[in-house]
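> Could you have a look at this structure, given as structure tokens, before my questions?
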Amino acid sequence: MINRVLIVDTETTGLAPHSSQVIEIGAILYSVKHQTTLQQMSILLPADGNPQEKVNRIKSSSLQDLPVAVPEIGLTRVGQNLVHLALAHGIGVSLAHRALADCQLIAALFDRMDDLQSMFRWAMRPKGRFVAQVSYDDRNIAKEHGFRWLPERKTWERTMAISDTELLPFAVKQVDHQPRVTETAEPW
């Protein structure tokens with residue numbers, strides 16, 4: 001049984017992975033068992049500026065006097081837009097593109113789920129990286145099933161639950177395996 005999860009989000013000075021800086025980290029410790037937020041925090045990190053100020057409303061001047069520096073954090077952005085997902089579940093959105101606000105939207109989505117434990121068990125199924133075995137003419141079928149074209153390898157690839165590959169209308173080849181996350185006996 002999963003008791004608690006840590007929801008983490010970041011805000012950055014842009015979308016380019018190698019030239020953008022993380023300028024804010026938000027986190028919520030969430031009780032899956034009780035479907036409620038236990039703790040939340042948000043911190044701003046120092047930066048020389050914020051070209052995305054119009055989007056995230058974090059003033060550049062507020063980032064220049066901060067005393068703490070952190071190591072570089074990898075950036076990823078996958079899946080459906082969080083605001084659209086929240087609205088689809090009847091959750092009002094008054095603030096977006098701030099790290100803690102985005103974590104709060106995820107927590108609100110968790111609050112609305114009927115069987116959150118089952119959803120986490122489903123999400124924790126063993127995953128792997130797969131290459132779609134499709135012809136050039138069938139490339140759109142791979143795209144429709146969430147595979148993305150990687151021009152450097154000239155392949156359609158996707159990370160997905162290993163058991164879900166049986167549902168695809170085409171063959172796939174597993175190129176690596178992501179081990180299952182195991183639950184720990186940690187008291188938190």
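In the structure tokens, chains take letters A, B, ... by order of appearance, with residues numbered from 1 within each chain and ligands from 1 in the order shown.
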With only C-alpha atoms as the counted atoms, please give the residues lying no more than 9 Å from Trp156 (chain A), apart from itself and same-chain residues fewer than 4 positions off, as a list in words.
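That gives Phe130, Val131, Ala132, Gln133, Val134, Arg139, Ala142, Lys143, Phe147, Arg148, Trp149, Leu150 and Pro151 of chain A.
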> What parts of region 18-168 of chain A does DSSP call strand (DSSP E or B)? I'd like the answer as a PyMOL selection string.
chain A and resi 22-31+36-44+127-132+148-150+155-161
> Please compute the CA of Ala108 (chain A)-CA of Thr12 (chain A) distance, one decimal, in Å.
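So the answer is 22.9 Å.
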> Could you find all residues in region 4-188 of chain A that DSSP calls alpha helix (DSSP H) from the backbone, and write them as a compact mmCIF listing (two decimals) with N, CA and C atoms, in the first residue's frame?

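This went into states.txt:
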# COMPACT_ATOMS: atom_id res chain seq x y z
N GLU A 53 8.86 35.98 -17.18
CA GLU A 53 8.13 36.71 -16.14
C GLU A 53 6.66 36.95 -16.51
N LYS A 54 6.36 37.18 -17.78
CA LYS A 54 4.97 37.41 -18.20
C LYS A 54 4.13 36.15 -18.04
N VAL A 55 4.76 34.97 -18.09
CA VAL A 55 4.04 33.71 -17.96
C VAL A 55 3.90 33.31 -16.49
N ASN A 56 5.03 33.30 -15.76
CA ASN A 56 4.98 32.80 -14.39
C ASN A 56 4.87 33.89 -13.32
N LEU A 82 -1.74 20.55 -17.53
CA LEU A 82 -2.32 20.39 -16.20
C LEU A 82 -3.59 21.22 -16.03
N VAL A 83 -3.59 22.43 -16.54
CA VAL A 83 -4.78 23.28 -16.42
C VAL A 83 -5.98 22.64 -17.11
N HIS A 84 -5.78 22.12 -18.32
CA HIS A 84 -6.88 21.45 -19.02
C HIS A 84 -7.37 20.21 -18.27
N LEU A 85 -6.43 19.47 -17.70
CA LEU A 85 -6.79 18.27 -16.94
C LEU A 85 -7.61 18.65 -15.70
N ALA A 86 -7.18 19.70 -14.99
CA ALA A 86 -7.92 20.15 -13.80
C ALA A 86 -9.33 20.61 -14.19
N LEU A 87 -9.43 21.42 -15.23
CA LEU A 87 -10.74 21.91 -15.67
C LEU A 87 -11.66 20.78 -16.09
N ALA A 88 -11.10 19.75 -16.73
CA ALA A 88 -11.90 18.60 -17.15
C ALA A 88 -12.48 17.84 -15.96
N ALA A 99 5.07 27.01 -9.18
CA ALA A 99 5.36 25.62 -8.80
C ALA A 99 4.37 25.08 -7.77
N LEU A 100 4.15 25.81 -6.68
CA LEU A 100 3.25 25.30 -5.65
C LEU A 100 1.81 25.24 -6.16
N ALA A 101 1.38 26.23 -6.94
CA ALA A 101 0.02 26.21 -7.49
C ALA A 101 -0.20 24.97 -8.36
N ASP A 102 0.81 24.61 -9.16
CA ASP A 102 0.68 23.42 -10.00
C ASP A 102 0.64 22.15 -9.15
N CYS A 103 1.43 22.11 -8.07
CA CYS A 103 1.37 20.97 -7.15
C CYS A 103 -0.01 20.88 -6.51
N GLN A 104 -0.58 22.03 -6.15
CA GLN A 104 -1.91 22.05 -5.55
C GLN A 104 -2.98 21.55 -6.52
N LEU A 105 -2.83 21.84 -7.81
CA LEU A 105 -3.77 21.31 -8.80
C LEU A 105 -3.69 19.78 -8.86
N ILE A 106 -2.47 19.24 -8.81
CA ILE A 106 -2.30 17.78 -8.81
C ILE A 106 -2.93 17.19 -7.56
N ALA A 107 -2.69 17.80 -6.40
CA ALA A 107 -3.29 17.32 -5.15
C ALA A 107 -4.82 17.37 -5.24
N ALA A 108 -5.37 18.44 -5.83
CA ALA A 108 -6.82 18.53 -5.99
C ALA A 108 -7.36 17.43 -6.90
N LEU A 109 -6.59 17.08 -7.93
CA LEU A 109 -6.98 15.95 -8.79
C LEU A 109 -6.97 14.65 -7.98
N PHE A 110 -5.93 14.45 -7.16
CA PHE A 110 -5.88 13.26 -6.31
C PHE A 110 -7.08 13.22 -5.36
N ASP A 111 -7.46 14.38 -4.83
CA ASP A 111 -8.61 14.44 -3.92
C ASP A 111 -9.88 13.92 -4.57
N ARG A 112 -10.00 14.08 -5.87
CA ARG A 112 -11.24 13.73 -6.60
C ARG A 112 -11.31 12.27 -7.04
N LEU A 116 -7.81 6.02 -5.33
CA LEU A 116 -6.45 6.50 -5.58
C LEU A 116 -5.41 5.40 -5.40
N GLN A 117 -5.59 4.53 -4.40
CA GLN A 117 -4.64 3.42 -4.18
C GLN A 117 -4.52 2.55 -5.43
N SER A 118 -5.65 2.19 -6.02
CA SER A 118 -5.62 1.36 -7.23
C SER A 118 -4.95 2.08 -8.39
N MET A 119 -5.19 3.39 -8.48
CA MET A 119 -4.56 4.17 -9.55
C MET A 119 -3.04 4.17 -9.41
N PHE A 120 -2.55 4.30 -8.17
CA PHE A 120 -1.10 4.26 -7.96
C PHE A 120 -0.54 2.88 -8.25
N ARG A 121 -1.24 1.83 -7.83
CA ARG A 121 -0.78 0.46 -8.15
C ARG A 121 -0.71 0.27 -9.67
N TRP A 122 -1.71 0.77 -10.38
CA TRP A 122 -1.76 0.66 -11.84
C TRP A 122 -0.58 1.44 -12.46
N ALA A 123 -0.33 2.63 -11.95
CA ALA A 123 0.74 3.48 -12.49
C ALA A 123 2.12 2.91 -12.20
N ARG A 139 3.30 4.96 -39.97
CA ARG A 139 3.87 5.79 -38.91
C ARG A 139 2.80 6.53 -38.10
N ASN A 140 1.69 6.89 -38.74
CA ASN A 140 0.64 7.60 -38.02
C ASN A 140 -0.03 6.73 -36.96
N ILE A 141 -0.05 5.44 -37.18
CA ILE A 141 -0.61 4.53 -36.18
C ILE A 141 0.24 4.58 -34.91
N ALA A 142 1.55 4.59 -35.08
CA ALA A 142 2.45 4.69 -33.92
C ALA A 142 2.22 6.02 -33.20
N LYS A 143 2.12 7.09 -33.96
CA LYS A 143 1.91 8.42 -33.38
C LYS A 143 0.60 8.48 -32.60
N GLU A 144 -0.46 7.89 -33.15
CA GLU A 144 -1.77 7.87 -32.48
C GLU A 144 -1.73 7.11 -31.16
> Using only C-alpha atoms for the distances, tell me which of A:Ser60, A:Gln21, A:Pro126, A:Tyr136 is nearest to Ile162 (chain A).
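Smallest separation from Ile162 (chain A) among the options: A:Pro126.
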> Here is a test: counting only C-alpha atoms, which residue of A:Ser62, A:Arg57, A:Pro46, A:Met1 is nearest to Ser31 (chain A)?
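Checking each of A:Ser62, A:Arg57, A:Pro46, A:Met1 against Ser31 (chain A), counting only C-alpha atoms, the winner is A:Met1.
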> My list of candidates is A:Arg98, A:Gly146, A:Ile7, A:Arg129. Which is closest to Gln174 (chain A) when distances are computed with only C-alpha atoms?
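Once distances to Gln174 (chain A) are computed over only C-alpha atoms, the minimum belongs to A:Arg129.
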